[in-house]
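See below for upload28.txt, which holds compact mmCIF, C-alpha atoms.
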# COMPACT_ATOMS: atom_id res chain seq x y z
CA MET A 294 34.80 -13.30 27.37
CA SER A 295 31.75 -12.07 25.54
CA ALA A 296 30.56 -8.74 24.29
CA VAL A 297 27.42 -7.06 23.10
CA ILE A 298 27.77 -4.37 20.53
CA LYS A 299 25.25 -2.11 18.91
CA THR A 300 25.77 -0.26 15.69
CA PRO A 301 23.71 2.82 14.85
CA THR A 302 20.82 2.51 12.45
CA PRO A 303 22.10 3.20 8.94
CA PHE A 304 20.19 6.09 7.42
CA ILE A 305 19.82 5.09 3.80
CA ILE A 306 16.63 6.61 2.45
CA LYS A 307 16.51 10.37 2.31
CA SER A 308 12.72 10.74 2.51
CA VAL A 309 12.57 8.41 5.51
CA LEU A 310 15.33 10.33 7.29
CA ILE A 311 13.56 13.62 6.67
CA ALA A 312 10.29 12.13 7.97
CA ALA A 313 12.10 10.93 11.08
CA LEU A 314 13.73 14.31 11.66
CA GLU A 315 10.39 16.04 11.27
CA GLU A 316 8.84 13.62 13.72
CA ILE A 317 11.36 14.51 16.41
CA GLU A 318 11.06 18.22 15.57
CA ALA A 319 14.62 18.56 14.33
CA GLU A 320 13.25 20.81 11.57
CA PRO A 321 15.14 19.32 8.61
CA ILE A 322 16.02 21.63 5.73
CA VAL A 323 17.46 20.29 2.50
CA VAL A 324 20.29 22.52 1.35
CA THR A 325 19.60 24.35 -1.89
CA GLU A 326 21.32 27.34 -3.51
CA GLN A 327 18.92 29.58 -1.61
CA VAL A 328 19.63 27.85 1.71
CA LEU A 329 23.36 28.31 1.19
CA ILE A 330 22.83 32.07 1.29
CA THR A 331 21.18 31.87 4.69
CA TYR A 332 23.05 29.10 6.46
CA LYS A 333 26.81 28.91 6.97
CA HIS A 334 28.99 26.18 8.39
CA GLN A 335 32.70 26.47 8.94
CA GLY A 336 33.23 23.06 7.46
CA GLY A 337 31.17 23.98 4.44
CA LEU A 338 27.75 22.90 3.30
CA GLN A 339 26.89 21.05 0.11
CA LEU A 340 23.78 21.02 -1.99
CA GLY A 341 21.58 18.18 -0.78
CA ASP A 342 22.83 18.20 2.81
CA ILE A 343 20.03 17.99 5.37
CA LEU A 344 20.28 20.63 8.08
CA THR A 345 18.87 20.13 11.53
CA ASN A 346 17.95 22.76 14.12
CA ARG A 347 20.92 21.66 16.24
CA THR A 348 23.99 23.82 16.07
CA ASP A 349 27.48 23.61 17.48
CA TYR A 350 30.67 25.59 17.26
CA TYR A 351 30.93 25.14 13.48
CA GLY A 352 27.33 25.81 12.59
CA PRO A 353 24.22 23.72 12.00
CA GLN A 354 24.63 20.01 12.51
CA HIS A 355 23.64 18.31 9.33
CA PHE A 356 23.41 15.00 7.52
CA ARG A 357 25.46 14.39 4.40
CA LEU A 358 25.28 11.44 2.04
CA SER A 359 28.49 9.45 2.17
CA LYS A 360 28.88 6.00 0.66
CA GLU A 361 25.11 5.63 0.37
CA ARG A 362 24.52 6.52 4.00
CA TRP A 363 23.46 9.77 5.58
CA ILE A 364 26.03 10.72 8.21
CA LEU A 365 25.55 13.38 10.88
CA ARG A 366 28.31 15.96 10.73
CA HIS A 367 28.89 17.62 14.06
CA ASP A 368 31.52 19.03 16.39
CA SER A 369 32.72 16.05 18.35
CA SER A 370 33.44 18.11 21.47
CA GLU A 371 29.84 19.27 21.85
CA MET A 372 31.34 22.11 23.90
CA ASN A 373 29.15 24.68 22.27
CA GLY A 374 26.14 22.55 21.46
CA ARG A 375 22.98 24.53 21.52
CA ILE A 376 19.72 24.94 19.68
CA THR A 377 19.21 28.26 17.98
CA THR A 378 15.76 27.93 16.51
CA LEU A 379 13.36 29.99 18.55
CA SER A 380 10.67 27.34 18.51
CA ALA A 381 13.04 24.93 20.13
CA THR A 382 14.60 27.11 22.76
CA SER A 383 12.66 25.45 25.51
CA LYS A 384 14.00 22.04 24.63
CA ARG A 385 17.02 20.65 26.38
CA TYR A 386 20.01 20.01 24.20
CA LYS A 387 20.52 16.33 23.55
CA LYS A 388 23.93 14.83 23.28
CA VAL A 389 24.80 13.69 19.78
CA GLY A 390 24.67 10.04 20.82
CA ASP A 391 21.24 10.46 22.36
CA PHE A 392 20.07 12.46 19.38
CA LEU A 393 21.23 9.77 16.94
CA GLN A 394 19.61 7.09 19.02
CA LEU A 395 16.34 8.99 18.89
CA VAL A 396 16.68 9.58 15.15
CA GLY A 397 17.44 5.89 14.68
CA LYS A 398 14.40 4.77 16.63
CA THR A 399 12.16 7.19 14.76
CA TYR A 400 13.79 6.28 11.44
CA GLU A 401 12.93 2.63 11.96
CA LYS A 402 9.30 3.53 12.57
CA ALA A 403 9.26 5.81 9.52
CA TYR A 404 10.89 3.04 7.50
CA GLN A 405 8.07 0.63 8.37
CA GLU A 406 5.56 3.25 7.23
CA TYR A 407 7.61 3.69 4.06
CA LEU A 408 7.45 -0.07 3.40
CA GLU A 409 3.70 -0.05 3.96
CA LEU A 410 3.39 2.84 1.53
CA LEU A 411 5.41 0.95 -1.09
CA ALA A 412 3.26 -2.14 -0.59
CA GLU A 413 0.10 -0.09 -0.97
CA GLN A 414 1.43 1.59 -4.10
CA GLU A 415 2.30 -1.83 -5.54
CA ARG A 416 -1.14 -3.16 -4.69
CA ILE A 417 -2.77 -0.17 -6.42
CA ARG A 418 -0.49 -0.58 -9.43
CA LEU A 419 -1.38 -4.26 -9.80
CA GLU A 420 -5.07 -3.52 -9.36
CA ASN A 421 -4.95 -0.83 -12.04
CA GLU A 422 -3.00 -3.18 -14.29
CA ARG A 423 -5.65 -5.87 -13.79
CA LYS A 424 -8.51 -3.49 -14.55
CA ALA A 425 -6.73 -2.24 -17.66
CA ARG A 426 -6.12 -5.82 -18.83
CA VAL A 427 -9.78 -6.74 -18.46
CA GLU A 428 -10.94 -3.55 -20.15
CA ARG A 429 -8.47 -4.00 -23.01
CA THR A 430 -9.72 -7.55 -23.57
CA ARG A 431 -13.34 -6.42 -23.49
CA VAL A 432 -12.85 -3.53 -25.91
CA GLU A 433 -10.72 -5.52 -28.37
CA THR A 434 -13.14 -8.45 -28.37
CA ILE A 435 -16.19 -6.24 -28.99
CA LYS A 436 -14.37 -4.35 -31.73
CA LYS A 437 -13.36 -7.54 -33.53
CA ALA A 438 -16.78 -9.10 -33.07
CA LYS A 439 -18.56 -6.14 -34.62
CA ALA A 440 -16.08 -6.08 -37.49
CA GLN A 441 -16.90 -9.74 -38.14
CA GLY A 442 -20.62 -9.16 -38.26
CA TYR A 443 -21.64 -10.22 -34.78
CA SER A 444 -24.18 -8.36 -32.74
CA VAL A 445 -22.91 -7.97 -29.19
CA LYS A 446 -24.80 -8.08 -25.94
CA GLU A 447 -22.88 -7.37 -22.80
CA ALA A 448 -23.75 -8.34 -19.26
CA ARG A 449 -21.99 -8.23 -15.90
CA LYS A 450 -22.00 -11.29 -13.70
CA GLY A 451 -20.40 -10.31 -10.45
CA SER A 452 -16.77 -9.57 -11.30
CA GLN A 453 -17.08 -11.23 -14.70
CA ILE A 454 -18.07 -9.75 -18.02
CA GLN A 455 -20.14 -11.83 -20.35
CA LEU A 456 -20.33 -11.05 -24.07
CA VAL A 457 -22.94 -12.80 -26.12
CA LEU A 458 -22.09 -12.60 -29.82
CA THR A 459 -24.57 -13.68 -32.46
CA ARG A 460 -24.69 -13.52 -36.21
CA THR A 461 -26.65 -15.24 -38.94
CA VAL A 462 -24.91 -16.93 -41.82
CA MET B 6 -31.09 -18.55 -41.48
CA PRO B 7 -28.74 -20.45 -39.16
CA GLU B 8 -27.40 -18.50 -36.24
CA GLN B 9 -23.87 -18.61 -34.91
CA LYS B 10 -23.47 -17.76 -31.27
CA ILE B 11 -20.43 -17.27 -29.10
CA VAL B 12 -20.65 -16.59 -25.38
CA ILE B 13 -17.43 -15.10 -24.06
CA THR B 14 -16.80 -14.67 -20.36
CA ILE B 15 -13.98 -12.38 -19.26
CA GLY B 16 -12.88 -13.17 -15.72
CA GLU B 17 -11.61 -10.71 -13.14
CA GLU B 18 -7.99 -11.35 -14.08
CA GLY B 19 -8.69 -10.97 -17.79
CA GLU B 20 -8.85 -14.70 -18.47
CA ILE B 21 -11.37 -15.78 -21.06
CA SER B 22 -13.69 -18.70 -21.45
CA ALA B 23 -15.80 -19.07 -24.54
CA LYS B 24 -18.55 -21.33 -25.75
CA THR B 25 -19.70 -21.54 -29.32
CA ASN B 26 -22.81 -22.86 -30.94
CA GLY B 27 -23.99 -23.14 -34.54
CA PHE B 28 -20.63 -23.59 -36.25
CA LYS B 29 -19.75 -26.41 -38.64
CA GLY B 30 -16.77 -28.63 -37.95
CA GLU B 31 -13.73 -26.82 -36.62
CA SER B 32 -14.89 -23.49 -37.96
CA CYS B 33 -15.81 -22.70 -34.38
CA LEU B 34 -12.14 -22.71 -33.45
CA GLU B 35 -11.31 -20.54 -36.43
CA ALA B 36 -14.02 -18.10 -35.39
CA LEU B 37 -12.66 -17.96 -31.86
CA ASN B 38 -9.14 -17.52 -33.12
CA ASP B 39 -10.26 -14.61 -35.29
CA LEU B 40 -11.79 -12.98 -32.25
CA LEU B 41 -9.32 -13.82 -29.51
CA ASP B 42 -5.93 -14.60 -31.07
CA LEU B 43 -5.78 -17.95 -29.38
CA GLU B 44 -2.44 -19.17 -30.58
CA GLY B 45 -0.44 -20.44 -27.63
CA THR B 46 -2.87 -19.14 -25.04
CA VAL B 47 -5.49 -21.86 -24.73
CA THR B 48 -5.19 -23.87 -21.52
CA SER B 49 -8.09 -26.22 -22.09
CA LEU B 50 -10.38 -27.18 -24.93
CA LYS B 51 -13.48 -29.18 -24.37
CA THR B 52 -15.65 -30.49 -27.15
CA THR B 53 -19.16 -31.19 -26.09
CA ASP B 54 -21.14 -34.35 -26.73
CA GLU B 55 -22.78 -32.53 -29.56
CA PHE B 56 -19.51 -31.52 -31.15
CA ARG B 57 -19.85 -33.76 -34.19
CA GLN B 58 -23.53 -33.18 -34.66
CA LYS B 59 -23.98 -29.57 -33.76
CA GLN B 60 -20.42 -28.32 -33.94
CA THR B 61 -20.39 -26.94 -30.41
CA VAL B 62 -17.18 -26.35 -28.51
CA SER B 63 -16.07 -24.57 -25.38
CA LEU B 64 -12.63 -23.45 -24.38
CA THR B 65 -10.83 -21.61 -21.66
CA ARG B 66 -7.94 -19.24 -22.08
CA THR B 67 -5.76 -18.05 -19.27
CA GLN B 68 -4.61 -14.47 -19.55
CA GLU B 69 -0.86 -14.06 -19.26
CA ASN B 70 0.05 -11.42 -16.73
CA LYS B 71 2.68 -9.42 -18.51
CA ARG B 72 4.64 -6.80 -16.68
CA SER B 73 6.16 -4.04 -18.67
Let's see the structure in the file written out as structure tokens.
Amino acid sequence: MSAVIKTPTPFIIKSVLIAALEEIEAEPIVVTEQVLITYKHQGGLQLGDILTNRTDYYGPQHFRLSKERWILRHDSSEMNGRITTLSATSKRYKKVGDFLQLVGKTYEKAYQEYLELLAEQERIRLENERKARVERTRVETIKKAKAQGYSVKEARKGSQIQLVLTRTV
Amino acid sequence: MPEQKIVITIGEEGEISAKTNGFKGESCLEALNDLLDLEGTVTSLKTTDEFRQKQTVSLTRTQENKRS
């Protein structure tokens, strides 16, 4: 006997989850003190929860961080599942499973973009570090040379800096 | 009056190569050390054919990439 199982994509990174929810037009809202005044849920909302535009019997379906994963909290019966946001009234209600599958697929795409962003940020950081290192060496060398009585001529040779120091003794 | 000359090349990664001319004996190394704090950073040192006569030396220093 054999079996194939599939586990849902773990939603770990908040910004990636929000990007994914925005992509699928789930209109994510991060719960703040102000949001708590407007939105109610029979099971209670917490600061930091991420609301979606999907609602069920208990109120807006939302993600909550639990054990380092964002978990969708929803009415398991889906008896009263509906979308209340006016902009989404024309959309058909998706079952929770289908919705999570869509979020998962979009999350994975957003995660790849997130990794690319991190790589780009790291590349920029290293490049800035390199430029700063070269500039620091240049400035310190010129400063010391002048203090020791050298006259300094500076020239650029491609990506290299050439300092010609001369003094008479 | 005799002239002392040092040509320093700073590479794109911050590494340094330097060539001196007009120094007596090992004073060229002292002069470079005063300028570049060479201790422990020199990866190669090459004395030229004229080292003993004209006290000329060239060296290369590799910049350590330190991450904070």
### Message
At a cut-off of 10 Å, using only C-alpha atoms, what residues contact Asp42 (chain B)? Leave out same-chain residues fewer than 6 positions from it and give the result as a list in words.
### Response
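Neighbouring residues, sequence-local ones excluded: Thr434 of chain A; Glu35 and Ala36 of chain B.
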If you take all atoms listed in the file and a cut-off of 6 Å, which residues of chain A touch chain B, and what are their nearest atom pairs and distances in Å to one decimal, in chain and number order, as a tab-separated table?
residue	atom	partner	partner_atom	distance
A:Arg423	CA	B:Glu18	CA	6.0
A:Arg426	CA	B:Gly19	CA	5.8
A:Val427	CA	B:Gly19	CA	4.4
A:Lys437	CA	B:Leu40	CA	5.8
A:Ser452	CA	B:Glu17	CA	5.6
A:Gln453	CA	B:Gly16	CA	4.7
A:Ile454	CA	B:Ile15	CA	5.0
A:Gln455	CA	B:Thr14	CA	4.4
A:Leu456	CA	B:Ile13	CA	5.0
A:Val457	CA	B:Val12	CA	4.5
A:Leu458	CA	B:Ile11	CA	5.0
A:Thr459	CA	B:Lys10	CA	4.4
A:Arg460	CA	B:Gln9	CA	5.3
A:Thr461	CA	B:Glu8	CA	4.3
A:Val462	CA	B:Pro7	CA	5.8
### Straight-line distance linking CA of Lys360 (chain A) with CA of Thr331 (chain A), stated in Å to one decimal
27.3 Å
### Summary
re CA of Lys436 (chain A) and CA of Leu43 (chain B): distance 16.3 Å
### Between CA of Glu409 (chain A) and CA of Glu320 (chain A) - distance in Å to one decimal
24.2 Å
